[in-house]
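Q: To start, I am sharing the structure in question, which I have written as structure tokens.
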Amino acid sequence: MKKIYAVNGSPRKNGNTAKILAEALKGAQSMGAETQLINLSDLNFSGCKSCFACKLKNSPKAGRCALQDDLSPILEEIINSDGLIMGSPIYFSAETGLYRNFLERLFFPLLQYTNPASSLAPKKVEVSFVFTMNVPAEVMNDYGYTDYLEKTLRFPKLIFGSEKTEVLYVNDTYQFNDYSKYESSMFDAEHKAKMRDKKFPQDLKKAFELGKNLVG
Ligand SMILES: Cc1cc2nc3c(=O)[nH]c(=O)nc-3n(C[C@H](O)[C@H](O)[C@H](O)COP(=O)(O)O)c2cc1C
């Protein structure tokens with residue numbers, strides 16, 4: 001049975017990213033996969049500390065992160081799994097710090113500074129991405145979000161030999177449980193509620209398909 005992980009880079013365990021990831025995992029389950037959702041906010045861990053233990057020549061630890069914290073056993077499981085869905089909300093035009101810390105710890109030890117660059121990943125892992133954000137799809141390009149986010153999309157192929165990498169952008173998300181309670185006059189609360197009720201369910205369906213495709 002295939003094992004598929006989803007990693008939530010949002011501090012909200014019941015937010016937009018969590019809901020999208022849960023649906024993607026349902027898609028993977030529909031193809032017979034065993035799934036697990038990891039909320040990074042539950043874990044005590046740091047980003048890469050640039051110690052380079054993972055790149056020491058002739059070391060049994062080459063390709064593995066030397067840091068020992070809550071993330072260590074999870075990295076080992078993911079590296080030996082069949083698929084991973086990496087999810088993050090957009091904070092200040094980028095992924096969350098929590099997500100970037102995870103990404104550094106997962107990708108950097110496996111990436112070897114050979115010429116050309118190579119990987120010490122023990123097996124192929126299919127990796128897809130989901131990003132949730134306030135901005136509507138029409139302005140993503142103009143804001144430079146797509147160019148920025150797509151820079152990391154090439155790493156799964158290089159590191160894990162991924163062949164099916166997909167990315168799902170979930171735009172115009174609902175941020176508060178009640179817009180009237182918060183200073184949020186830059187948003188049209190009625191429009192946001194409409195997006196939550198009409199568009200978000202469509203995004204959930206796309207997430208289900210993304211999860212299915214990762215396994216199928
Ligand atoms: C600190 C912070 C910064 C944010 N910055 C952006 C941003 O730059 N662009 C954007 O489109 N949305 C931004 N958002 C909105 C979130 O990306 C959006 O609400 C997202 O769907 C939240 O996901 P979650 O419910 O999984 O936490 C920001 C939210 C927070 C809390």
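Following the order of the structure tokens, chains are lettered A, B, ..., residues in each are numbered from 1, and ligands are numbered from 1.
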Produce a table with one row for each residue of chain A that has an atom at most 10 Å from any atom of ligand 1, each row naming the nearest atom pair and its distance in Å at one decimal; use only C-alpha atoms and all ligand atoms; arrange rows by chain and rising residue number; format as a tab-separated table.
A:
```
residue	atom	partner	partner_atom_place_in_ligand_line	distance
A:Asn8	CA	ligand 1	26 (O)	7.8
A:Gly9	CA	ligand 1	26 (O)	7.8
A:Ser10	CA	ligand 1	27 (O)	4.8
A:Pro11	CA	ligand 1	27 (O)	6.2
A:Arg12	CA	ligand 1	27 (O)	4.9
A:Lys13	CA	ligand 1	26 (O)	7.3
A:Asn14	CA	ligand 1	25 (O)	7.1
A:Gly15	CA	ligand 1	25 (O)	3.4
A:Asn16	CA	ligand 1	25 (O)	3.8
A:Thr17	CA	ligand 1	26 (O)	3.6
A:Ala18	CA	ligand 1	26 (O)	5.7
A:Lys19	CA	ligand 1	26 (O)	7.7
A:Ile20	CA	ligand 1	26 (O)	8.5
A:Leu21	CA	ligand 1	26 (O)	9.5
A:Gly87	CA	ligand 1	26 (O)	8.5
A:Ser88	CA	ligand 1	26 (O)	6.8
A:Pro89	CA	ligand 1	17 (O)	4.2
A:Ile90	CA	ligand 1	17 (O)	3.9
A:Tyr91	CA	ligand 1	5 (N)	3.4
A:Phe92	CA	ligand 1	8 (O)	3.2
A:Ser93	CA	ligand 1	8 (O)	3.9
A:Ala94	CA	ligand 1	8 (O)	6.8
A:Glu95	CA	ligand 1	17 (O)	8.4
A:Thr96	CA	ligand 1	1 (C)	8.2
A:Phe131	CA	ligand 1	21 (O)	7.8
A:Thr132	CA	ligand 1	21 (O)	4.3
A:Met133	CA	ligand 1	17 (O)	3.6
A:Asn134	CA	ligand 1	11 (O)	3.6
A:Val135	CA	ligand 1	11 (O)	4.0
A:Pro136	CA	ligand 1	11 (O)	7.5
A:Ala137	CA	ligand 1	11 (O)	9.5
A:Val139	CA	ligand 1	11 (O)	9.5
A:Met140	CA	ligand 1	11 (O)	8.3
A:Tyr143	CA	ligand 1	9 (N)	9.2
A:Tyr145	CA	ligand 1	9 (N)	8.6
A:Val170	CA	ligand 1	21 (O)	7.5
A:Asn171	CA	ligand 1	11 (O)	7.3
A:Asp172	CA	ligand 1	11 (O)	7.4
A:Thr173	CA	ligand 1	21 (O)	4.9
A:Tyr174	CA	ligand 1	19 (O)	6.2
A:Gln175	CA	ligand 1	19 (O)	4.4
A:Phe176	CA	ligand 1	19 (O)	8.0
```
Q: If we count only C-alpha atoms, what is near range 197-212 of chain A at a cut-off of 7 Å, once residues fewer than 4 positions away on the same chain are taken out, given as a list of chain:residue names?
A: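 My reading of the contact set: A:Ile20, A:Glu23, A:Ala24, A:Leu25, A:Lys26, A:Gly27, A:Ala28, A:Ser30, A:Met31, A:Glu166, A:Val170, A:Ala193, A:Gly216.
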Q: Going by DSSP on the backbone, which bits of range 7-212 of chain A are strand (DSSP E or B)? Write them as a PyMOL selection string, please.
A: chain A and resi 7-8+34-39+83-91+94-95+111-112+118-119+126-132+167-170
Q: Which is closest to Ser41 in chain A among A:Leu98, A:Met1, A:Leu75, A:Leu149, if we use only C-alpha atoms?
A: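 Under the stated criterion, the closest residue is A:Leu98.
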Q: What are the DSSP helix (DSSP H, G or I) residues of range 119-159 of chain A, as a ChimeraX atom specification?
A: /A:137-140,145-159
Q: Output all heavy atoms for every residue in the selection just made, as a short mmCIF file (atom, residue, chain, number, x, y, z; two decimals), in the first residue's frame.
A:
```cif
data_model
loop_
_atom_site.label_atom_id
_atom_site.label_comp_id
_atom_site.auth_asym_id
_atom_site.auth_seq_id
_atom_site.Cartn_x
_atom_site.Cartn_y
_atom_site.Cartn_z
N ALA A 137 -6.85 35.14 -8.14
CA ALA A 137 -5.97 34.52 -9.15
C ALA A 137 -5.49 35.55 -10.18
O ALA A 137 -4.33 35.48 -10.61
CB ALA A 137 -6.73 33.39 -9.85
N GLU A 138 -6.36 36.50 -10.55
CA GLU A 138 -6.02 37.43 -11.63
C GLU A 138 -4.80 38.29 -11.32
O GLU A 138 -4.14 38.78 -12.24
CB GLU A 138 -7.19 38.41 -11.92
CG GLU A 138 -8.55 37.79 -12.11
CD GLU A 138 -9.23 37.50 -10.79
OE1 GLU A 138 -9.75 38.43 -10.16
OE2 GLU A 138 -9.24 36.31 -10.40
N VAL A 139 -4.50 38.51 -10.05
CA VAL A 139 -3.39 39.42 -9.74
C VAL A 139 -2.11 38.68 -9.31
O VAL A 139 -1.08 39.31 -9.10
CB VAL A 139 -3.77 40.47 -8.67
CG1 VAL A 139 -4.93 41.31 -9.13
CG2 VAL A 139 -4.05 39.82 -7.34
N MET A 140 -2.21 37.36 -9.20
CA MET A 140 -1.04 36.59 -8.74
C MET A 140 0.21 36.85 -9.57
O MET A 140 1.29 37.03 -9.03
CB MET A 140 -1.34 35.09 -8.81
CG MET A 140 -1.97 34.55 -7.57
SD MET A 140 -1.96 32.76 -7.68
CE MET A 140 -0.26 32.41 -7.32
N TYR A 145 3.85 36.49 -7.46
CA TYR A 145 3.71 35.29 -6.63
C TYR A 145 4.05 34.03 -7.42
O TYR A 145 4.74 33.16 -6.94
CB TYR A 145 2.26 35.14 -6.13
CG TYR A 145 1.86 36.06 -5.02
CD1 TYR A 145 2.54 37.23 -4.74
CD2 TYR A 145 0.76 35.75 -4.22
CE1 TYR A 145 2.15 38.07 -3.73
CE2 TYR A 145 0.35 36.58 -3.20
CZ TYR A 145 1.05 37.73 -2.96
OH TYR A 145 0.64 38.55 -1.94
N THR A 146 3.51 33.95 -8.66
CA THR A 146 3.68 32.72 -9.44
C THR A 146 5.16 32.49 -9.73
O THR A 146 5.68 31.40 -9.52
CB THR A 146 2.88 32.79 -10.76
OG1 THR A 146 1.77 33.66 -10.56
CG2 THR A 146 2.37 31.45 -11.17
N ASP A 147 5.84 33.55 -10.19
CA ASP A 147 7.28 33.43 -10.49
C ASP A 147 8.04 32.96 -9.26
O ASP A 147 8.88 32.07 -9.33
CB ASP A 147 7.86 34.81 -10.88
CG ASP A 147 7.66 35.07 -12.36
OD1 ASP A 147 7.20 34.15 -13.06
OD2 ASP A 147 7.94 36.20 -12.79
N TYR A 148 7.73 33.56 -8.13
CA TYR A 148 8.44 33.20 -6.89
C TYR A 148 8.15 31.75 -6.49
O TYR A 148 9.07 30.97 -6.27
CB TYR A 148 8.04 34.16 -5.76
CG TYR A 148 8.48 33.62 -4.42
CD1 TYR A 148 9.82 33.68 -4.04
CD2 TYR A 148 7.58 32.96 -3.56
CE1 TYR A 148 10.25 33.11 -2.84
CE2 TYR A 148 8.00 32.41 -2.38
CZ TYR A 148 9.34 32.49 -2.02
OH TYR A 148 9.75 31.92 -0.85
N LEU A 149 6.87 31.40 -6.42
CA LEU A 149 6.50 30.07 -5.90
C LEU A 149 6.99 28.96 -6.83
O LEU A 149 7.39 27.89 -6.36
CB LEU A 149 4.98 29.98 -5.71
CG LEU A 149 4.44 30.85 -4.57
CD1 LEU A 149 2.92 30.93 -4.63
CD2 LEU A 149 4.88 30.31 -3.21
N GLU A 150 6.98 29.24 -8.12
CA GLU A 150 7.34 28.18 -9.07
C GLU A 150 8.84 27.88 -9.06
O GLU A 150 9.26 26.87 -9.60
CB GLU A 150 6.77 28.48 -10.45
CG GLU A 150 5.24 28.37 -10.37
CD GLU A 150 4.50 28.42 -11.69
OE1 GLU A 150 5.12 28.66 -12.72
OE2 GLU A 150 3.26 28.23 -11.63
N LYS A 151 9.61 28.72 -8.40
CA LYS A 151 11.06 28.45 -8.30
C LYS A 151 11.36 27.16 -7.55
O LYS A 151 12.36 26.50 -7.81
CB LYS A 151 11.77 29.62 -7.62
CG LYS A 151 11.89 30.83 -8.52
CD LYS A 151 12.99 31.77 -8.07
CE LYS A 151 13.23 32.87 -9.08
NZ LYS A 151 12.17 33.87 -9.11
N THR A 152 10.51 26.81 -6.59
CA THR A 152 10.80 25.57 -5.82
C THR A 152 10.22 24.33 -6.49
O THR A 152 10.52 23.22 -6.08
CB THR A 152 10.26 25.63 -4.38
OG1 THR A 152 8.96 26.14 -4.40
CG2 THR A 152 11.14 26.43 -3.47
N LEU A 153 9.42 24.52 -7.55
CA LEU A 153 8.74 23.37 -8.14
C LEU A 153 9.70 22.40 -8.85
O LEU A 153 9.37 21.24 -9.05
CB LEU A 153 7.66 23.82 -9.14
CG LEU A 153 6.52 24.68 -8.60
CD1 LEU A 153 5.45 24.83 -9.65
CD2 LEU A 153 5.93 24.08 -7.33
N ARG A 154 10.90 22.88 -9.20
CA ARG A 154 11.82 22.00 -9.92
C ARG A 154 12.57 21.07 -8.97
O ARG A 154 13.15 20.08 -9.40
CB ARG A 154 12.81 22.82 -10.76
CG ARG A 154 13.80 23.59 -9.94
CD ARG A 154 14.56 24.60 -10.78
NE ARG A 154 15.37 25.44 -9.93
CZ ARG A 154 16.66 25.21 -9.65
NH1 ARG A 154 17.26 24.16 -10.14
NH2 ARG A 154 17.33 26.03 -8.86
N PHE A 155 12.58 21.39 -7.68
CA PHE A 155 13.38 20.59 -6.75
C PHE A 155 12.87 19.16 -6.55
O PHE A 155 13.68 18.24 -6.44
CB PHE A 155 13.54 21.32 -5.40
CG PHE A 155 14.52 22.46 -5.52
CD1 PHE A 155 14.09 23.77 -5.59
CD2 PHE A 155 15.88 22.21 -5.61
CE1 PHE A 155 14.99 24.82 -5.74
CE2 PHE A 155 16.80 23.25 -5.76
CZ PHE A 155 16.35 24.55 -5.82
N PRO A 156 11.57 18.92 -6.49
CA PRO A 156 11.12 17.53 -6.32
C PRO A 156 11.63 16.59 -7.41
O PRO A 156 11.98 15.45 -7.14
CB PRO A 156 9.60 17.64 -6.34
CG PRO A 156 9.33 19.00 -5.84
CD PRO A 156 10.44 19.86 -6.37
N LYS A 157 11.73 17.08 -8.66
CA LYS A 157 12.22 16.23 -9.75
C LYS A 157 13.70 15.93 -9.53
O LYS A 157 14.14 14.79 -9.62
CB LYS A 157 12.00 16.95 -11.09
CG LYS A 157 12.35 16.10 -12.30
CD LYS A 157 11.85 16.80 -13.56
CE LYS A 157 11.81 15.93 -14.76
NZ LYS A 157 12.99 15.29 -15.18
N LEU A 158 14.45 16.97 -9.22
CA LEU A 158 15.89 16.82 -9.02
C LEU A 158 16.18 15.94 -7.80
O LEU A 158 17.06 15.07 -7.83
CB LEU A 158 16.52 18.22 -8.84
CG LEU A 158 18.00 18.30 -8.47
CD1 LEU A 158 18.84 17.74 -9.61
CD2 LEU A 158 18.40 19.74 -8.20
N ILE A 159 15.45 16.15 -6.72
CA ILE A 159 15.78 15.47 -5.47
C ILE A 159 15.11 14.10 -5.35
O ILE A 159 15.75 13.13 -4.95
CB ILE A 159 15.40 16.38 -4.27
CG1 ILE A 159 16.29 17.62 -4.29
CG2 ILE A 159 15.57 15.63 -2.93
CD1 ILE A 159 15.91 18.69 -3.31
#
```
